[in-house]
Structures are given as structure tokens and as C-alpha cells.
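Enquirer: I am attaching a structure below and will ask some questions about it afterwards.
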Amino acid sequence: MLKQARHVQHIGLAIALASACGSARAQLFSNESANPGTPALALVNQTGNNTPAPGSSQWSEVASVNALLGNSLAGVACHADQSDVSGGVRLADDFTVPTGQTWRLTGMQLFAYQPGALSAPVSGATLRIWNGVPGEAGSSVVFGDTSTNRLNNVAAMDAYRVFTTTVGPAIMSPDTSRRLYAVTLNTNLTLGPGTYWLDWQLSNSSGNPPLFVVPVTLSGTRTLPGWNAKLFADGAWTPVNDTGKPEGATDAAQDIAFVLLGSPGAECDSIDFNRNDVYPEDQDVIDFFQVLAGGACPYADPCDIDFNNNDVYPEDQDVIDFFNTLAGGVCG
Ligand SMILES: [Ca+2]
Ligand SMILES: [Ca+2]
Ligand SMILES: [Ca+2]
Ligand SMILES: [Ca+2]
């Protein structure tokens with residue numbers, strides 16, 4: 001075990017999280033973390049039982065409330081498995097675009113491991129984004145599918161996932177067998193205000209090994225109100241619960257650590273350009289173009305031709321966004 005641990009260390013000197021390249025790839029949101037640039041992995045230099053992480057690395061230790069109660073789940077499965085009737089397991093979690101904003105999403109990151117893996121264990125990823133709870137009546141997919149490979153990058157982190165080192169009865173010594181990888185998926189869409197669900201699956205070209213992603217890990221916390229990740233297996237969506245440690249602990253609902261990449265924008269104006277409370281109507285289009293051409297405003301000035309509220313006007317993008325919105329699309 002020690003030999004293997006050293007080997008892992010040598011091949012994986014600190015490689016940073018997938019880098020932000022320009023504002024379009026900046027971290028926009030990190031689930032259950034106050035800082036979009038910090039995933040909710042509770043990375044620390046030593047475990048709860050004071051075992052230092054090797055070299056410059058860090059531990060991500062399964063959370064415990066105290067010495068008598070903790071979580072037991074290091075990771076949640078989310079891998080393709082062709083022997084499963086439904087093609088393997090998928091995992092889903094939600095996020096909310098606040099009122100008054102639109103988010104241009106260029107990617108998302110998950111934090112994955114495969115027990116014992118000595119090199120990047122992920123070679124493919126699929127993603128859907130729903131406008132409601134996956135699979136429920138009234139929810140529909142607004143982006144992606146279950147077949148297109150959207151994997152962008154798999155970067156080894158200088159971090160290892162470990163079970164609790166403080167809650168008995170049996171305490172496992174922390175080790176480096178669960179190296180974390182930052183897995184980046186490509187997305188290309190703009191979302192208006194509302195709650196959406198990400199629904200993903202990872203795969204590995206070398207057969208059928210289990211792949212796990214790390215649930216939200218906050219020091220001293222088993223769960224929080226609103227944690228609601230869901231697992232799809234054997235054809236049904238069910239809540240992701242941590243059964244806890246020791247045996248007999250109550251189930252605790254989980255969220256998944258993920259980061260959204262992209263840039264925020266302002267929400268578009270109403271398509272009722274002429275403010276007469278009638279929409280959609282041709283007159284809004286006519287009035288919009290008339291004002292753009294220097295004509296009189298159909299309502300009390302100042303006239304608002306900055307439809308996408310980016311403080312740039314006049315510009316073609318306002319016209320494009322106006323027609324997109326008229327057609328039922330989102331601003332952006
Ligand atoms: Ca959630
Ligand atoms: Ca109108
Ligand atoms: Ca405006
Ligand atoms: Ca504008």
C-alpha cells in the first residue's frame with residue numbers, strides 16, 4: 001500500500017483545477033460553496049484524527065458531526081454500465097439562476113475518483129440540463145442528451161477522498177487510493193431565471209469500472225435543508241441519501257459538489273416593447289424598429305432600446321435577443 005501511495009504521489013504533483021480562460025470560462029457558481037472558485041470538498045491538510053496529507057496534497061474527508069456521528073458515503077456512483085438495463089447510473093443535482101440574471105454556461109466541473117486508479121479514470125461524459133426535476137411530469141430537457149460525449153478535460157488534483165477518521169466503530173486510516181480528478185464538461189447555452197437540474201453520467205473506455213463523484217462536503221455537517229441530489233438506476237430516479245455512521249444513524253439527504261463555468265448577464269426586457277400591456281403583438285416589433293431608426297418613442301421617454309440590458313446600445317444583439325425572446329428562446 002505504501003509503495004502504491006508513493007507512486008501516486010510521484011505522478012501527480014499539484015495540477016491545478018481546470019483553469020479559467022477568459023471570463024467565458026470563469027467559475028460562475030459552486031454548489032453549496034460561498035466562493036465560486038472553491039468546490040465544496042472541505043479540503044484540509046490533515047484529517048480529523050490529525051493524519052497529515054502527504055507532500056503538498058490535501059484530504060477531502062467524509063464529514064462527521066462529532067466522534068459519535070458522521071456520514072459514510074465517500075462518493076456517489078455515476079458511471080455507464082452496459083450490463084444495467086438502463087445503461088448504468090446517472091446523477092442529478094440542481095441550481096438556480098437568480099431573478100434578474102441570465103447565465104451563459106460554457107461548462108461544468110465534477111470531482112470524481114475511481115478507487116485505485118493511477119491515471120485519469122474518465123474518458124467520456126454525457127449531460128442533460130432539465131428545467132425541472134428530472135423525469136417528473138412538466139420537466140423537459142433544455143440542453144444535451146444521453147449520448148453526446150461532452151468531456152472537455154480531466155485534471156488530476158493534489159487531493160484524496162477519505163472516509164471519516166473520527167467516527168467508529170472501525171476507523172480506516174486515510175490513504176491515497178481515491179485520488180480526485182476535476183472533470184470538466186462542455187456546455188453551450190444561456191439560461192434565464194429559474195431552477196434547473198444537471199443530469200450526468202461519466203464513462204471509462206477500459207471496461208466497466210465504478211466511477212464516483214464527491215458529494216458536497218462541509219466540515220461538521222451531514223446534510224442541510226434543500227439538499228436533494230437524485231440517482232437514476234434501474235430505470236428510476238431516487239434521492240441520494242447517506243445512511244450515516246455508525247449503523248442506525250438516520251439517513252441524510254445529499255447534494256453533489258459541482259462548479260458551473262460561464263458568465264452572468266442581465267435579464268432581458270419584456271417583449272412588450274411599447275409598454276401597452278399587449279404582447280406578443282406585431283406592433284412591438286414595428287415600434288422597436290421605428291425607435292431604432294430614430295423615430296418617436298411609443299411611451300414616455302427615455303426610450304429603452306437596450307433590450308438585453310448590457311448597457312450597449314444601439315447594437316444588433318438587442319434585435320437578435322428581442323427576436324429570440326419573441327420566439328420563446330432565452331435572452332442572451
Ligand atoms: Ca441540490
Ligand atoms: Ca405591446
Ligand atoms: Ca432595457
Ligand atoms: Ca444591448
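By order in the C-alpha cells, chains are A, B, ...; within a chain, residues start at 1; ligands start at 1, following the order shown.
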Mind listing the residues within 10 Å of ligand 3, only C-alpha atoms and all ligand atoms counted, as an MDAnalysis selection string?

Expert: chainID A and resid 266:270 273 303:313 318

Enquirer: What do you get as a PyMOL selection string if you pick all residues at most 6 Å from ligand 2, counting only C-alpha atoms and all ligand atoms?

Expert: chain A and resi 272-279+281+284

Enquirer: Selection from above, C-alpha atoms, as a PDB file, in the first residue's frame, can you write it?

Expert:
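Output below, filename part-v2.pdb:
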```pdb
ATOM      1  CA  ASP A 272     -43.882  44.348 -24.619  1.00  0.00           C
ATOM      2  CA  PHE A 273     -41.600  46.962 -26.148  1.00  0.00           C
ATOM      3  CA  ASN A 274     -44.282  49.646 -26.445  1.00  0.00           C
ATOM      4  CA  ARG A 275     -45.474  49.097 -22.856  1.00  0.00           C
ATOM      5  CA  ASN A 276     -49.153  48.828 -23.813  1.00  0.00           C
ATOM      6  CA  ASP A 277     -49.615  45.538 -21.915  1.00  0.00           C
ATOM      7  CA  VAL A 278     -50.388  43.729 -25.184  1.00  0.00           C
ATOM      8  CA  TYR A 279     -47.881  41.032 -26.179  1.00  0.00           C
ATOM      9  CA  GLU A 281     -48.005  41.657 -30.986  1.00  0.00           C
ATOM     10  CA  ASP A 284     -43.979  45.839 -30.581  1.00  0.00           C
TER      11      ASP A 284
END
```

Enquirer: Compile the contact shell of region 251-253 of chain A as a PDB file with N, CA and C atoms, in the first residue's frame: residues with an atom at most 8 Å away, counting only C-alpha atoms, same-chain residues fewer than 5 positions apart removed.

Expert:
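Heads up, here's the output in result.pdb:
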```pdb
ATOM      1  N   ARG A 222     -23.686  16.859   8.171  1.00  0.00           N
ATOM      2  CA  ARG A 222     -24.108  15.671   7.422  1.00  0.00           C
ATOM      3  C   ARG A 222     -25.013  16.029   6.259  1.00  0.00           C
ATOM      4  N   THR A 223     -25.872  17.053   6.466  1.00  0.00           N
ATOM      5  CA  THR A 223     -26.821  17.464   5.429  1.00  0.00           C
ATOM      6  C   THR A 223     -27.310  18.856   5.770  1.00  0.00           C
ATOM      7  N   LEU A 224     -27.961  19.501   4.810  1.00  0.00           N
ATOM      8  CA  LEU A 224     -28.612  20.790   5.057  1.00  0.00           C
ATOM      9  C   LEU A 224     -29.980  20.769   4.384  1.00  0.00           C
ATOM     10  N   TRP A 227     -30.901  19.972   0.403  1.00  0.00           N
ATOM     11  CA  TRP A 227     -30.036  19.034  -0.325  1.00  0.00           C
ATOM     12  C   TRP A 227     -30.932  17.966  -0.935  1.00  0.00           C
ATOM     13  N   ASN A 228     -30.737  17.715  -2.235  1.00  0.00           N
ATOM     14  CA  ASN A 228     -31.762  16.962  -2.963  1.00  0.00           C
ATOM     15  C   ASN A 228     -31.253  16.214  -4.181  1.00  0.00           C
ATOM     16  N   ALA A 229     -29.964  15.854  -4.218  1.00  0.00           N
ATOM     17  CA  ALA A 229     -29.440  15.152  -5.389  1.00  0.00           C
ATOM     18  C   ALA A 229     -30.217  13.862  -5.635  1.00  0.00           C
ATOM     19  N   PRO A 239     -33.819   9.612  -4.351  1.00  0.00           N
ATOM     20  CA  PRO A 239     -32.963  10.555  -3.637  1.00  0.00           C
ATOM     21  C   PRO A 239     -31.620   9.929  -3.255  1.00  0.00           C
ATOM     22  N   VAL A 240     -30.577  10.746  -3.247  1.00  0.00           N
ATOM     23  CA  VAL A 240     -29.269  10.298  -2.780  1.00  0.00           C
ATOM     24  C   VAL A 240     -29.191  10.545  -1.276  1.00  0.00           C
ATOM     25  N   ASN A 241     -29.145   9.469  -0.510  1.00  0.00           N
ATOM     26  CA  ASN A 241     -29.054   9.569   0.946  1.00  0.00           C
ATOM     27  C   ASN A 241     -27.749   8.970   1.441  1.00  0.00           C
ATOM     28  N   ASP A 242     -27.234   9.551   2.509  1.00  0.00           N
ATOM     29  CA  ASP A 242     -26.103   8.947   3.215  1.00  0.00           C
ATOM     30  C   ASP A 242     -26.684   8.260   4.436  1.00  0.00           C
ATOM     31  N   THR A 243     -26.433   6.941   4.546  1.00  0.00           N
ATOM     32  CA  THR A 243     -27.031   6.185   5.651  1.00  0.00           C
ATOM     33  C   THR A 243     -26.324   6.434   6.970  1.00  0.00           C
ATOM     34  N   GLY A 244     -25.152   7.077   6.912  1.00  0.00           N
ATOM     35  CA  GLY A 244     -24.505   7.522   8.144  1.00  0.00           C
ATOM     36  C   GLY A 244     -23.664   6.465   8.828  1.00  0.00           C
TER      37      GLY A 244
END
```

Enquirer: Pick out the residues no farther than 10 Å from ligand 1, counting only C-alpha atoms and all ligand atoms, and list them as a JSON list (two decimals) with C-alpha atoms, in the first residue's frame.

Expert:
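Result written to part.json:
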```json
[["chain", "number", "residue", "atom", "x", "y", "z"],
["A", 31, "ASN", "CA", -22.78, 24.25, -5.33],
["A", 32, "GLU", "CA", -23.04, 24.86, -1.55],
["A", 92, "ALA", "CA", -28.59, 14.82, -10.94],
["A", 93, "ASP", "CA", -28.48, 17.97, -8.83],
["A", 94, "ASP", "CA", -30.00, 21.44, -9.15],
["A", 95, "PHE", "CA", -29.01, 25.08, -9.26],
["A", 96, "THR", "CA", -30.92, 28.34, -9.54],
["A", 196, "TYR", "CA", -32.55, 23.78, -13.37],
["A", 197, "TRP", "CA", -31.21, 20.25, -12.91],
["A", 198, "LEU", "CA", -27.93, 18.89, -14.24],
["A", 216, "VAL", "CA", -20.97, 18.23, -1.06],
["A", 224, "LEU", "CA", -28.61, 20.79, 5.06],
["A", 225, "PRO", "CA", -32.23, 21.67, 4.22],
["A", 226, "GLY", "CA", -32.72, 21.61, 0.48],
["A", 227, "TRP", "CA", -30.04, 19.03, -0.33],
["A", 228, "ASN", "CA", -31.76, 16.96, -2.96],
["A", 229, "ALA", "CA", -29.44, 15.15, -5.39],
["A", 230, "LYS", "CA", -31.02, 12.26, -7.27],
["A", 253, "ALA", "CA", -30.04, 13.75, 2.02],
["A", 254, "GLN", "CA", -27.02, 14.76, -0.05],
["A", 255, "ASP", "CA", -26.02, 17.32, -2.65],
["A", 256, "ILE", "CA", -23.16, 16.88, -5.13],
["A", 257, "ALA", "CA", -20.11, 19.14, -5.35],
["A", 258, "PHE", "CA", -20.09, 20.81, -8.78]]
```

Enquirer: Choose the residue, out of A:Leu260, A:Ala117, A:Leu69, A:Leu292, that has the smallest atom-to-atom separation from Val167 (chain A); count only C-alpha atoms.

Expert: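 Result for the nearest residue to Val167 (chain A): A:Leu69.
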
Enquirer: Check the DSSP output for the backbone and give back, as number ranges by chain, the residues of region 89-310 of chain A in alpha helix (DSSP H).

Expert: A: 282-292

Enquirer: Would you save the residues from that selection as an mmCIF file, in the first residue's frame, using C-alpha atoms?

Expert:
```cif
data_model
loop_
_atom_site.group_PDB
_atom_site.id
_atom_site.type_symbol
_atom_site.label_atom_id
_atom_site.label_comp_id
_atom_site.auth_asym_id
_atom_site.auth_seq_id
_atom_site.Cartn_x
_atom_site.Cartn_y
_atom_site.Cartn_z
ATOM 1 C CA ASP A 282 -46.606 42.888 -34.289
ATOM 2 C CA GLN A 283 -46.804 46.472 -33.077
ATOM 3 C CA ASP A 284 -43.979 45.839 -30.581
ATOM 4 C CA VAL A 285 -41.705 44.797 -33.451
ATOM 5 C CA ILE A 286 -42.768 47.769 -35.565
ATOM 6 C CA ASP A 287 -42.236 50.203 -32.705
ATOM 7 C CA PHE A 288 -38.891 48.702 -31.782
ATOM 8 C CA PHE A 289 -37.564 49.173 -35.327
ATOM 9 C CA GLN A 290 -39.050 52.645 -35.570
ATOM 10 C CA VAL A 291 -37.271 53.782 -32.443
ATOM 11 C CA LEU A 292 -34.039 52.138 -33.591
#
```

Enquirer: Taking a cut-off of 10 Å and counting only C-alpha atoms, can you build a table that, for each residue of region 171-217 of chain A near region 141-146 of chain A, reports the nearest atom pair and how far apart they are in Å (one decimal), sorted by chain then residue number, as a tab-separated table?

Expert:
```
residue	atom	partner	partner_atom	distance
A:Thr187	CA	A:Gly144	CA	8.2
A:Asn188	CA	A:Phe143	CA	8.4
A:Leu189	CA	A:Phe143	CA	7.4
A:Thr190	CA	A:Phe143	CA	9.8
A:Leu191	CA	A:Val142	CA	9.2
A:Tyr196	CA	A:Val142	CA	9.1
A:Trp197	CA	A:Val141	CA	9.1
A:Leu198	CA	A:Phe143	CA	9.4
A:Asp199	CA	A:Thr146	CA	9.1
A:Trp200	CA	A:Thr146	CA	8.0
A:Gln201	CA	A:Thr146	CA	8.0
```

Enquirer: Got time to write the residues from that selection, C-alpha atoms, as a JSON list (two decimals), in the first residue's frame?

Expert:
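Just written: result.json:
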```json
[["chain", "number", "residue", "atom", "x", "y", "z"],
["A", 187, "THR", "CA", -21.89, 23.21, -22.32],
["A", 188, "ASN", "CA", -23.12, 25.95, -24.60],
["A", 189, "LEU", "CA", -26.35, 27.59, -23.58],
["A", 190, "THR", "CA", -27.89, 30.58, -21.88],
["A", 191, "LEU", "CA", -30.44, 30.22, -19.11],
["A", 196, "TYR", "CA", -32.55, 23.78, -13.37],
["A", 197, "TRP", "CA", -31.21, 20.25, -12.91],
["A", 198, "LEU", "CA", -27.93, 18.89, -14.24],
["A", 199, "ASP", "CA", -28.11, 15.17, -15.06],
["A", 200, "TRP", "CA", -24.82, 13.47, -15.97],
["A", 201, "GLN", "CA", -23.04, 10.18, -16.47]]
```

Enquirer: So that I can check the surroundings of Arg150 (chain A), please list as a ChimeraX atom specification every protein, DNA and RNA residue that reaches within 6 Å of it, counting only C-alpha atoms and ignoring chain neighbours fewer than 5 positions away.

Expert: /A:125-126,185-186

Enquirer: Write out, as an mmCIF file, in the first residue's frame, the residues just selected, with C-alpha atoms.

Expert:
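selection-v7.cif, written as the output of this step:
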```
data_model
loop_
_atom_site.group_PDB
_atom_site.id
_atom_site.type_symbol
_atom_site.label_atom_id
_atom_site.label_comp_id
_atom_site.auth_asym_id
_atom_site.auth_seq_id
_atom_site.Cartn_x
_atom_site.Cartn_y
_atom_site.Cartn_z
ATOM 1 C CA ALA A 125 -19.293 12.206 -20.098
ATOM 2 C CA THR A 126 -22.868 12.915 -21.078
ATOM 3 C CA LEU A 185 -17.747 19.036 -19.374
ATOM 4 C CA ASN A 186 -18.568 21.437 -22.205
#
```

Enquirer: Mind the document's chain letters and residue numbers, and return as a PyMOL selection string the residues of region 16-113 of chain A that DSSP labels strand (DSSP E or B).

Expert: chain A and resi 27-30+43-44+46+52+58-61+64-66+69-70+76-77+79-80+88+90-97+101-113

Enquirer: For ligand 4, which residue out of A:Thr102, A:Gln317, A:Ser119, A:Thr325 is the nearest one, using only C-alpha atoms and all ligand atoms?

Expert: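 Closest residue, counting only C-alpha atoms and all ligand atoms: A:Gln317.
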
Enquirer: Can you work out which one of A:Leu202, A:Ala249, A:Ala67, A:Ile320 has the shortest atom-to-atom distance to ligand 4, counting only C-alpha atoms and all ligand atoms?

Expert: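 Of A:Leu202, A:Ala249, A:Ala67, A:Ile320, the one nearest ligand 4 is A:Ile320, counting only C-alpha atoms and all ligand atoms.
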
Enquirer: With only C-alpha atoms as the atoms that count, which of A:Thr176, A:Gly37, A:Thr195, A:Asn131 lies nearest to Pro98 (chain A)?

Expert: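 Checking each of A:Thr176, A:Gly37, A:Thr195, A:Asn131 against Pro98 (chain A), counting only C-alpha atoms, the winner is A:Thr195.
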
Enquirer: Restricting the calculation to only C-alpha atoms and all ligand atoms: of A:Glu315, A:Asp158, A:Asp175, A:Asp81, which residue gets closest to ligand 4?

Expert: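 Among the listed residues, the smallest separation from ligand 4 belongs to A:Glu315.
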